[in-house]
>>> print(open('model00.txt').read())   # compact mmCIF, C-alpha atoms and all ligand atoms
# COMPACT_ATOMS: atom_id res chain seq x y z
CA MET A 1 0.00 0.00 0.00
CA THR A 2 1.41 3.40 -0.89
CA SER A 3 1.57 6.09 1.73
CA ARG A 4 -0.78 8.11 -0.44
CA SER A 5 -3.42 5.44 -0.55
CA PHE A 6 -2.92 4.79 3.14
CA GLY A 7 -3.57 8.47 3.75
CA PHE A 8 -6.74 8.25 1.77
CA ILE A 9 -8.09 5.13 3.44
CA ALA A 10 -7.08 6.16 6.92
CA ARG A 11 -10.35 7.78 7.68
CA LEU A 12 -13.38 8.02 9.84
CA LEU A 13 -16.33 5.87 8.87
CA LEU A 14 -18.62 8.81 9.07
CA MET A 15 -18.21 11.81 6.83
CA THR A 16 -20.02 14.94 7.72
CA LEU A 17 -20.87 17.49 5.12
CA VAL A 18 -22.07 20.76 6.49
CA ALA A 19 -23.92 22.88 4.04
CA LEU A 20 -23.40 26.61 3.89
CA GLY A 21 -27.12 27.18 3.79
CA ALA A 22 -28.59 30.47 2.65
CA ILE A 23 -31.66 28.72 1.31
CA GLY A 24 -34.26 31.37 0.77
CA GLY A 25 -31.92 33.81 2.44
CA GLY A 26 -32.52 32.12 5.75
CA GLY A 27 -29.01 30.84 6.34
CA GLN A 28 -30.44 27.37 6.91
CA ARG A 29 -27.97 24.58 7.54
CA ALA A 30 -28.20 20.94 6.62
CA VAL A 31 -25.97 18.32 8.13
CA ALA A 32 -25.81 14.85 6.69
CA GLN A 33 -23.65 11.85 7.32
CA ALA A 34 -22.43 9.38 4.75
CA ALA A 35 -20.72 6.25 5.94
CA ASP A 36 -18.69 4.32 3.41
CA CYS A 37 -17.26 0.89 2.78
CA ALA A 38 -13.59 1.91 2.87
CA THR A 39 -11.77 0.26 5.72
CA GLY A 40 -9.23 1.81 8.03
CA GLY A 41 -9.56 4.90 10.15
CA GLY A 42 -7.96 8.15 11.03
CA ASP A 43 -8.27 10.80 8.34
CA ALA A 44 -11.16 12.94 9.42
CA THR A 45 -11.27 14.85 6.17
CA SER A 46 -11.94 11.74 4.05
CA GLY A 47 -10.25 13.59 1.23
CA GLY A 48 -13.65 15.09 0.80
CA GLU A 49 -13.38 18.67 1.86
CA ALA A 50 -11.63 21.46 0.06
CA THR A 51 -8.19 22.37 1.24
CA PRO A 52 -6.92 25.93 1.01
CA SER A 53 -4.44 24.89 -1.67
CA GLU A 54 -7.18 23.55 -3.87
CA ALA A 55 -9.70 26.31 -3.90
CA ALA A 56 -11.18 29.07 -1.90
CA THR A 57 -14.26 28.87 0.26
CA PRO A 58 -16.02 31.84 1.83
CA ASP A 59 -13.58 33.61 4.08
CA SER A 60 -14.11 32.56 7.65
CA GLY A 61 -15.65 35.17 9.82
CA ALA A 62 -16.74 37.16 6.82
CA SER A 63 -19.99 38.98 7.25
CA PRO A 64 -22.42 39.03 4.40
CA VAL A 65 -22.82 42.57 3.18
CA ALA A 66 -25.93 44.19 1.85
CA GLY A 67 -26.08 44.86 -1.87
CA GLY A 68 -27.04 48.08 -3.58
CA GLY A 69 -23.49 49.13 -4.38
CA GLY A 70 -24.38 50.47 -7.80
CA ASP A 71 -21.43 48.81 -9.54
CA GLY A 72 -23.65 46.59 -11.62
CA ILE A 73 -22.38 45.04 -14.82
CA ASP A 74 -23.79 43.77 -18.10
CA ILE A 75 -23.22 40.00 -18.17
CA ALA A 76 -24.30 37.15 -20.46
CA PHE A 77 -24.58 33.63 -19.05
CA ILE A 78 -24.01 30.73 -21.47
CA PRO A 79 -24.96 27.48 -19.71
CA LYS A 80 -24.49 23.94 -21.00
CA SER A 81 -28.04 24.11 -22.34
CA VAL A 82 -31.13 26.25 -21.91
CA SER A 83 -33.41 23.23 -21.60
CA ASN A 84 -31.87 22.10 -18.30
CA PRO A 85 -33.82 23.32 -15.23
CA TYR A 86 -30.59 23.41 -13.21
CA PHE A 87 -29.48 26.37 -15.32
CA VAL A 88 -32.83 27.91 -16.15
CA SER A 89 -34.25 28.28 -12.67
CA SER A 90 -30.92 29.14 -11.07
CA LEU A 91 -30.49 32.26 -13.19
CA ALA A 92 -32.62 33.87 -10.49
CA GLY A 93 -29.46 34.02 -8.37
CA ALA A 94 -27.69 36.22 -10.93
CA GLU A 95 -30.81 38.35 -11.35
CA GLU A 96 -30.89 38.85 -7.60
CA ALA A 97 -27.25 40.00 -7.63
CA ALA A 98 -27.87 42.28 -10.61
CA GLY A 99 -30.88 43.75 -8.80
CA GLU A 100 -28.69 44.52 -5.81
CA THR A 101 -26.04 46.28 -7.87
CA GLY A 102 -27.95 47.79 -10.78
CA GLY A 103 -26.64 45.36 -13.40
CA THR A 104 -28.19 43.46 -16.30
CA VAL A 105 -28.20 39.71 -16.84
CA ARG A 106 -29.22 37.54 -19.73
CA GLN A 107 -28.86 33.84 -20.44
CA VAL A 108 -28.56 32.29 -23.89
CA GLY A 109 -27.28 28.95 -25.09
CA PRO A 110 -27.94 25.78 -27.05
CA ASP A 111 -31.11 23.74 -26.56
CA ASP A 112 -29.02 20.59 -26.20
CA ALA A 113 -25.88 20.27 -24.11
CA ASN A 114 -23.20 20.45 -26.78
CA ALA A 115 -19.98 22.41 -27.16
CA ALA A 116 -20.44 23.39 -30.82
CA GLY A 117 -23.69 25.14 -29.98
CA GLN A 118 -22.02 26.97 -27.11
CA VAL A 119 -19.24 28.24 -29.39
CA GLN A 120 -21.83 29.84 -31.68
CA PHE A 121 -23.45 31.61 -28.74
CA ILE A 122 -20.09 32.77 -27.41
CA GLN A 123 -19.30 34.30 -30.81
CA THR A 124 -22.68 36.00 -31.11
CA VAL A 125 -22.58 37.36 -27.57
CA THR A 126 -19.02 38.61 -28.06
CA GLN A 127 -20.22 40.76 -30.95
CA GLU A 128 -22.81 42.30 -28.62
CA GLY A 129 -19.99 43.35 -26.31
CA PRO A 130 -21.14 42.62 -22.76
CA GLN A 131 -18.71 43.43 -19.96
CA ALA A 132 -18.56 39.76 -18.93
CA ILE A 133 -19.46 36.28 -20.12
CA ALA A 134 -20.13 33.43 -17.68
CA VAL A 135 -19.98 29.93 -19.12
CA SER A 136 -20.52 26.34 -17.95
CA ALA A 137 -18.59 24.19 -20.41
CA ASN A 138 -19.66 21.04 -22.21
CA ASP A 139 -16.02 20.72 -23.28
CA PRO A 140 -13.03 22.54 -21.76
CA ASN A 141 -11.01 22.86 -24.96
CA ALA A 142 -13.59 23.31 -27.70
CA LEU A 143 -14.79 26.55 -26.12
CA ALA A 144 -11.34 27.98 -25.48
CA PRO A 145 -10.57 29.78 -28.79
CA SER A 146 -13.87 31.68 -28.87
CA LEU A 147 -13.53 32.66 -25.21
CA GLN A 148 -9.96 33.82 -25.78
CA GLU A 149 -11.25 35.98 -28.62
CA ALA A 150 -13.83 37.48 -26.25
CA ARG A 151 -11.10 38.20 -23.69
CA SER A 152 -8.93 39.85 -26.33
CA GLN A 153 -11.80 42.30 -26.84
CA GLY A 154 -11.79 43.23 -23.16
CA ILE A 155 -14.67 41.00 -22.05
CA LYS A 156 -14.10 39.30 -18.67
CA VAL A 157 -14.73 35.55 -18.79
CA VAL A 158 -15.87 33.58 -15.77
CA SER A 159 -16.40 29.84 -16.02
CA PHE A 160 -18.85 28.45 -13.49
CA ASP A 161 -20.09 24.94 -12.68
CA SER A 162 -17.96 23.26 -15.39
CA ASP A 163 -14.57 24.77 -16.19
CA VAL A 164 -12.89 25.66 -19.46
CA ALA A 165 -9.16 25.48 -20.15
CA PRO A 166 -7.62 27.91 -17.60
CA GLU A 167 -6.09 30.19 -20.24
CA ALA A 168 -9.58 30.86 -21.62
CA ARG A 169 -11.05 32.40 -18.46
CA ASP A 170 -10.24 34.90 -15.73
CA VAL A 171 -11.63 32.84 -12.88
CA PHE A 172 -13.57 29.59 -12.31
CA ILE A 173 -16.43 29.43 -9.82
CA ASN A 174 -16.52 25.78 -8.82
CA THR A 175 -19.55 24.35 -7.09
CA ALA A 176 -17.98 22.25 -4.38
CA ASP A 177 -14.72 20.42 -3.96
CA SER A 178 -14.47 17.98 -6.90
CA GLU A 179 -12.76 15.28 -4.86
CA GLY A 180 -15.42 15.36 -2.17
CA ILE A 181 -18.22 15.23 -4.72
CA GLY A 182 -16.75 12.22 -6.50
CA ARG A 183 -15.82 10.21 -3.44
CA THR A 184 -19.05 10.91 -1.59
CA GLN A 185 -21.19 9.50 -4.39
CA ILE A 186 -19.26 6.22 -4.35
CA GLN A 187 -19.44 6.10 -0.57
CA ILE A 188 -23.21 6.47 -0.70
CA ILE A 189 -23.88 3.91 -3.43
CA ALA A 190 -21.44 1.35 -2.00
CA ARG A 191 -23.00 1.57 1.42
CA GLN A 192 -26.48 1.18 -0.07
CA ILE A 193 -25.52 -2.02 -1.89
CA GLY A 194 -23.80 -3.50 1.15
CA CYS A 195 -20.28 -2.91 -0.24
CA GLU A 196 -20.81 -5.57 -2.88
CA GLY A 197 -22.00 -5.75 -6.48
CA GLU A 198 -21.94 -4.11 -9.88
CA ILE A 199 -22.42 -0.39 -10.30
CA ALA A 200 -22.55 1.92 -13.32
CA VAL A 201 -22.20 5.66 -13.84
CA LEU A 202 -24.70 7.61 -15.94
CA SER A 203 -22.97 10.89 -16.79
CA ALA A 204 -23.72 13.98 -18.92
CA ALA A 205 -21.66 14.85 -22.02
CA SER A 206 -18.57 12.65 -22.41
CA THR A 207 -16.45 15.81 -22.57
CA ALA A 208 -18.05 17.64 -19.60
CA THR A 209 -15.27 19.02 -17.41
CA ASN A 210 -17.11 18.76 -14.10
CA GLN A 211 -18.52 15.24 -14.51
CA ASN A 212 -15.20 13.92 -15.81
CA ALA A 213 -13.35 15.35 -12.82
CA TRP A 214 -15.83 13.73 -10.42
CA ILE A 215 -15.68 10.38 -12.22
CA GLU A 216 -11.88 10.30 -11.86
CA PHE A 217 -12.28 10.63 -8.09
CA MET A 218 -15.04 7.99 -8.11
CA LYS A 219 -12.66 5.55 -9.80
CA ASP A 220 -9.93 6.39 -7.33
CA GLU A 221 -12.29 5.89 -4.41
CA LEU A 222 -13.04 2.40 -5.72
CA THR A 223 -9.34 1.48 -5.50
CA ARG A 224 -9.40 1.89 -1.72
CA PRO A 225 -9.51 -1.16 0.51
CA GLY A 226 -13.10 -1.99 1.35
CA TYR A 227 -14.40 -1.74 -2.23
CA GLU A 228 -12.87 -5.04 -3.45
CA ASN A 229 -16.34 -6.44 -4.15
CA VAL A 230 -17.74 -3.34 -5.81
CA THR A 231 -17.24 -3.31 -9.60
CA LEU A 232 -17.76 -0.33 -11.87
CA VAL A 233 -19.00 -2.06 -15.02
CA GLU A 234 -19.50 0.96 -17.31
CA VAL A 235 -19.70 4.74 -17.60
CA VAL A 236 -22.45 5.80 -20.02
CA TYR A 237 -23.33 9.29 -21.25
CA GLY A 238 -26.88 10.63 -21.28
CA GLU A 239 -25.78 14.03 -22.71
CA ASP A 240 -27.87 15.88 -20.10
CA SER A 241 -30.90 14.86 -22.17
CA SER A 242 -33.81 13.28 -20.28
CA GLN A 243 -34.61 10.95 -23.16
CA ILE A 244 -31.04 9.79 -23.81
CA SER A 245 -30.44 9.37 -20.06
CA TYR A 246 -33.62 7.31 -19.74
CA ASP A 247 -32.63 5.11 -22.68
CA LYS A 248 -29.10 4.64 -21.34
CA THR A 249 -30.55 3.51 -18.01
CA ILE A 250 -32.68 0.88 -19.74
CA GLU A 251 -29.63 -0.25 -21.71
CA LEU A 252 -27.65 -0.65 -18.49
CA LEU A 253 -30.41 -2.73 -16.91
CA THR A 254 -30.48 -4.97 -19.98
CA ALA A 255 -26.72 -5.32 -20.38
CA TYR A 256 -26.07 -5.96 -16.67
CA PRO A 257 -28.89 -8.05 -15.18
CA ASP A 258 -27.06 -8.16 -11.83
CA LEU A 259 -26.56 -4.40 -11.65
CA LYS A 260 -26.94 -3.24 -8.05
CA GLY A 261 -26.47 0.50 -8.29
CA ILE A 262 -26.29 3.55 -10.53
CA VAL A 263 -24.48 6.81 -9.80
CA SER A 264 -25.62 9.75 -11.90
CA PRO A 265 -23.65 12.94 -11.25
CA THR A 266 -26.01 15.10 -13.31
CA THR A 267 -29.37 16.53 -12.31
CA VAL A 268 -30.87 15.51 -15.66
CA GLY A 269 -29.45 12.00 -15.51
CA ILE A 270 -30.47 11.11 -11.98
CA ALA A 271 -34.08 12.21 -12.53
CA ALA A 272 -34.33 10.23 -15.77
CA ALA A 273 -32.72 7.17 -14.17
CA ALA A 274 -35.18 7.31 -11.26
CA GLN A 275 -38.06 7.48 -13.71
CA ALA A 276 -36.69 4.50 -15.67
CA LEU A 277 -36.15 2.39 -12.54
CA GLU A 278 -39.73 3.00 -11.43
CA ALA A 279 -41.13 2.31 -14.92
CA GLU A 280 -39.22 -0.96 -15.07
CA GLY A 281 -40.12 -1.94 -11.53
CA ARG A 282 -36.38 -2.13 -10.77
CA THR A 283 -36.42 -0.34 -7.45
CA ASP A 284 -34.03 -3.04 -6.26
CA VAL A 285 -31.33 -1.09 -8.09
CA ALA A 286 -29.94 1.65 -5.85
CA LEU A 287 -29.54 5.13 -7.34
CA THR A 288 -27.67 8.19 -6.13
CA GLY A 289 -25.88 11.17 -7.62
CA LEU A 290 -26.47 14.90 -7.97
CA GLY A 291 -30.06 16.05 -8.21
CA LEU A 292 -32.37 19.00 -7.78
CA PRO A 293 -34.61 18.51 -4.73
CA ASN A 294 -37.58 19.72 -6.78
CA ASP A 295 -36.94 16.97 -9.38
CA MET A 296 -36.12 14.25 -6.87
CA ARG A 297 -38.63 14.76 -4.05
CA ALA A 298 -41.17 12.28 -5.45
CA TYR A 299 -38.50 9.61 -5.94
CA VAL A 300 -37.24 10.02 -2.40
CA GLU A 301 -40.76 9.82 -1.06
CA SER A 302 -41.43 6.65 -3.08
CA GLY A 303 -38.16 5.14 -1.80
CA THR A 304 -36.53 4.78 -5.23
CA VAL A 305 -33.77 7.16 -4.14
CA LYS A 306 -32.54 7.19 -0.55
CA GLU A 307 -29.90 9.94 -0.73
CA PHE A 308 -28.49 12.33 -3.28
CA ALA A 309 -26.37 15.47 -3.18
CA LEU A 310 -26.13 18.99 -4.59
CA TRP A 311 -25.09 22.53 -3.74
CA ASN A 312 -27.41 25.51 -4.06
CA PRO A 313 -27.32 26.40 -7.80
CA VAL A 314 -29.08 29.73 -7.20
CA ASP A 315 -26.18 30.73 -4.96
CA LEU A 316 -23.78 29.55 -7.66
CA TYR A 317 -25.22 32.07 -10.13
CA TYR A 318 -25.27 34.77 -7.43
CA LEU A 319 -21.59 34.19 -6.64
CA THR A 320 -20.65 34.05 -10.33
CA TYR A 321 -22.26 37.44 -10.94
CA TYR A 322 -20.35 39.04 -8.05
CA ALA A 323 -17.04 37.50 -9.19
CA ALA A 324 -17.58 38.87 -12.70
CA ALA A 325 -18.48 42.29 -11.30
CA ALA A 326 -15.29 42.34 -9.23
CA LEU A 327 -13.27 41.59 -12.37
CA VAL A 328 -15.05 44.22 -14.46
CA ASN A 329 -14.79 46.86 -11.74
CA GLY A 330 -11.08 46.21 -11.25
CA GLU A 331 -11.47 44.99 -7.67
CA MET A 332 -9.54 41.85 -8.59
CA THR A 333 -7.73 40.23 -11.50
CA GLY A 334 -8.62 36.64 -10.60
CA ALA A 335 -5.13 35.86 -9.29
CA PRO A 336 -4.77 33.51 -6.32
CA GLY A 337 -5.13 35.49 -3.11
CA ASP A 338 -7.44 38.12 -4.62
CA THR A 339 -10.55 38.74 -2.55
CA PHE A 340 -13.97 39.98 -3.49
CA SER A 341 -17.28 40.52 -1.83
CA ALA A 342 -20.36 38.57 -2.87
CA GLY A 343 -23.35 40.27 -1.27
CA ARG A 344 -25.26 38.03 1.13
CA LEU A 345 -22.70 35.21 0.70
CA GLY A 346 -19.89 37.31 2.20
CA SER A 347 -16.30 37.60 1.10
CA TYR A 348 -14.37 35.08 -1.02
CA THR A 349 -10.69 34.60 -1.81
CA VAL A 350 -9.47 33.23 -5.13
CA GLY A 351 -7.57 29.97 -4.69
CA GLU A 352 -4.85 28.21 -6.62
CA GLY A 353 -5.47 28.01 -10.36
CA GLY A 354 -7.90 30.93 -10.23
CA VAL A 355 -10.58 28.76 -8.63
CA VAL A 356 -13.26 29.96 -6.22
CA LEU A 357 -15.33 27.39 -4.37
CA LEU A 358 -18.99 27.97 -3.51
CA GLY A 359 -18.84 25.58 -0.58
CA PRO A 360 -19.66 22.06 0.62
CA PRO A 361 -22.70 20.31 -0.86
CA PHE A 362 -25.86 19.23 0.86
CA ILE A 363 -26.92 15.62 1.13
CA PHE A 364 -30.66 15.21 0.73
CA ASP A 365 -32.79 12.36 2.06
CA ALA A 366 -36.33 11.69 3.21
CA ASN A 367 -35.77 13.80 6.31
CA ASN A 368 -34.87 17.04 4.56
CA VAL A 369 -35.80 16.95 0.87
CA ALA A 370 -39.09 18.74 1.52
CA ASP A 371 -37.24 21.68 3.07
CA PHE A 372 -35.57 22.81 -0.15
CA ASP A 373 -37.02 24.64 -3.11
CA PHE A 374 -34.64 24.57 -6.08
C1 LIG B 401 -26.40 19.00 -14.62
C2 LIG B 401 -25.25 19.66 -15.34
C3 LIG B 401 -24.42 20.52 -14.42
C4 LIG B 401 -24.09 19.79 -13.14
C5 LIG B 401 -25.32 19.30 -12.49
C6 LIG B 401 -25.04 18.50 -11.23
O1 LIG B 401 -27.45 19.89 -14.45
O2 LIG B 401 -24.47 18.68 -15.93
O3 LIG B 401 -23.25 20.91 -15.08
O4 LIG B 401 -23.36 20.63 -12.28
O5 LIG B 401 -26.03 18.44 -13.38
>>> encode(input="model00.txt", output="structure tokens", more="lines below")
Ligand code: RAM
Amino acid sequence: MTSRSFGFIARLLLMTLVALGAIGGGGQRAVAQAADCATGGGDATSGGEATPSEAATPDSGASPVAGGGGDGIDIAFIPKSVSNPYFVSSLAGAEEAAGETGGTVRQVGPDDANAAGQVQFIQTVTQEGPQAIAVSANDPNALAPSLQEARSQGIKVVSFDSDVAPEARDVFINTADSEGIGRTQIQIIARQIGCEGEIAVLSAASTATNQNAWIEFMKDELTRPGYENVTLVEVVYGEDSSQISYDKTIELLTAYPDLKGIVSPTTVGIAAAAQALEAEGRTDVALTGLGLPNDMRAYVESGTVKEFALWNPVDLYYLTYYAAAALVNGEMTGAPGDTFSAGRLGSYTVGEGGVVLLGPPFIFDANNVADFDF
């Protein structure tokens, strides 16, 4: 065993994820515990929380400040697709921030989650000349040339949710620590299947930066002692389309009759997979991943899904707006160590690689899923 893998497996059996809250402005907190199958003990962090060298979280002790500063900016959001509720309903967070500062926000993008469509929107928006573009990438490299062109014209570029190649943006607003997201999903599914059996991953686009980063950590988690009897049989791609994700779930059930669990780290995928499992009467197959509480509530109440995770995507848009405004207004350049203020979320510091971290995710289950509205 390498010292690195020993460090990773030396851990507590219980991992606690404390959410930052701010649901409905109420600063609500959710605490959830996820035990896992990995053996050993000692490392309380489970490799699951952000470290200062990885990314920045809200500065400790920072007080949220009221908006109304009047330094509003003109910003265009280009999400992975405009048919995905995760992006559509969460725009409200950016509108809230723009309302506080006197800025303007719009969101345009492809109907389907694909990089080529995003490039066209980046080019069109660049001609309109907003002060900033915020983008969640279906592909880190395919978007880079058009974003670099936008930057050469003085437009600030903020990637959020799913990063682009670092040279193509000023700063990246990550959702939550990628390692924690990946490992936690394996911990949940493995525990639900009794640390034994076949599992599959239903992802989004095969080139999606965020899902691919999480899947790498999922695979690494499975190399830890304790997962010897858990086998990842396949990673399939539902393209963040409900129909394709549904069909891919059916294909998995057919190809792997002994399948015990599915992990879907996409809000579109997990909802479609839950629907497929119920339609097929295969509620013996465990399902977890990243979902919107509003999409998943019925499946938690029916017992098809026991636990899933996510951050607050409204806050993600809110934070992204404030980061872009700080760049446009010259309050920061996006260099590690730069700080900026993000309204009700408080103050943030840019971490290594120009990454800012929204904060730890929530874990939702039957006890709390009714308390969230996004
Ligand atoms: C989908 C998208 C998005 C991801 C969430 C969890 O809506 O793929 O990028 O962050 O799922």
>>> residues_around(input="model00.txt", residues="Leu143 (chain A)", least_positions_apart="3", cutoff="9 Å", atoms="all atoms listed in the file", output="PyMOL selection string")
chain A and resi 115-116+118-119+122+137-140+146-148+164-165+168
>>> closest_residue(input="model00.txt", among="A:Gly354, A:Pro361, A:Pro145, A:Gly303", to="ligand LIG 401 (chain B)", atoms="all atoms listed in the file")
A:Pro361
>>> closest_residue(input="model00.txt", among="A:Gln131, A:Thr349, A:Gln153, A:Asn114", to="ligand LIG 401 (chain B)", atoms="only C-alpha atoms and all ligand atoms")
A:Asn114
>>> residues_near_ligand(input="model00.txt", ligand="ligand LIG 401 (chain B)", cutoff="6 Å", atoms="all atoms listed in the file", output="ChimeraX atom specification")
/A:86,161-162,204,265-268,290
>>> write_last_selection(input="model00.txt", atoms="C-alpha atoms", output="PDB file, in the frame of the given file")
ATOM      1  CA  TYR A  86     -30.590  23.410 -13.210  1.00  0.00           C
ATOM      2  CA  ASP A 161     -20.090  24.940 -12.680  1.00  0.00           C
ATOM      3  CA  SER A 162     -17.960  23.260 -15.390  1.00  0.00           C
ATOM      4  CA  ALA A 204     -23.720  13.980 -18.920  1.00  0.00           C
ATOM      5  CA  PRO A 265     -23.650  12.940 -11.250  1.00  0.00           C
ATOM      6  CA  THR A 266     -26.010  15.100 -13.310  1.00  0.00           C
ATOM      7  CA  THR A 267     -29.370  16.530 -12.310  1.00  0.00           C
ATOM      8  CA  VAL A 268     -30.870  15.510 -15.660  1.00  0.00           C
ATOM      9  CA  LEU A 290     -26.470  14.900  -7.970  1.00  0.00           C
TER      10      LEU A 290
END
>>> atom_distance(input="model00.txt", atom1="CA of Ser90 (chain A)", atom2="CA of Pro313 (chain A)")
5.6 Å
>>> closest_residue(input="model00.txt", among="A:Ile73, A:Ile244, A:Ala273, A:Ile78", to="Pro130 (chain A)", atoms="all atoms listed in the file")
A:Ile73
>>> closest_residue(input="model00.txt", among="A:Gly103, A:Gly289, A:Gly109, A:Pro257", to="Val305 (chain A)", atoms="all atoms listed in the file")
A:Gly289
>>> closest_residue(input="model00.txt", among="A:Asp258, A:Val233, A:Tyr317, A:Ala309", to="Arg106 (chain A)", atoms="all atoms listed in the file")
A:Tyr317
>>> residues_around(input="model00.txt", residues="Val235 (chain A)", least_positions_apart="3", cutoff="9 Å", atoms="all atoms listed in the file", output="PyMOL selection string")
chain A and resi 200-203+215+232
>>> atom_distance(input="model00.txt", atom1="CA of Tyr322 (chain A)", atom2="CA of Thr175 (chain A)")
14.7 Å
>>> closest_residue(input="model00.txt", among="A:Ala76, A:Leu91, A:Ala208, A:Leu259", to="Ala142 (chain A)", atoms="all atoms listed in the file")
A:Ala208
>>> residues_around(input="model00.txt", residues="Ala271 (chain A)", least_positions_apart="4", cutoff="7 Å", atoms="all atoms listed in the file", output="ChimeraX atom specification")
/A:267,275,295-296
>>> residues_around(input="model00.txt", residues="region 178-190 of chain A", least_positions_apart="2", cutoff="9 Å", atoms="all atoms listed in the file", output="ChimeraX atom specification")
/A:15,34-38,46-50,174-176,192-197,199,210-211,213-222,227,230,261-265,286-290,307-310,360-361
>>> atom_distance(input="model00.txt", atom1="CA of Phe77 (chain A)", atom2="CA of Ser136 (chain A)")
8.4 Å
>>> axis_aligned_box(input="model00.txt", around="region 88-93 of chain A", padding_each_side="3 Å", output="AutoDock Vina command-line options")
--center_x -31.9 --center_y 31.0 --center_z -12.3 --size_x 10.8 --size_y 12.1 --size_z 13.8
>>> residues_near_point(input="model00.txt", point="(-37.3, 13.4, -15.7)", cutoff="12 Å", atoms="all atoms listed in the file", output="number ranges by chain")
A: 84-85, 240-247, 266-279, 291-292, 294-299
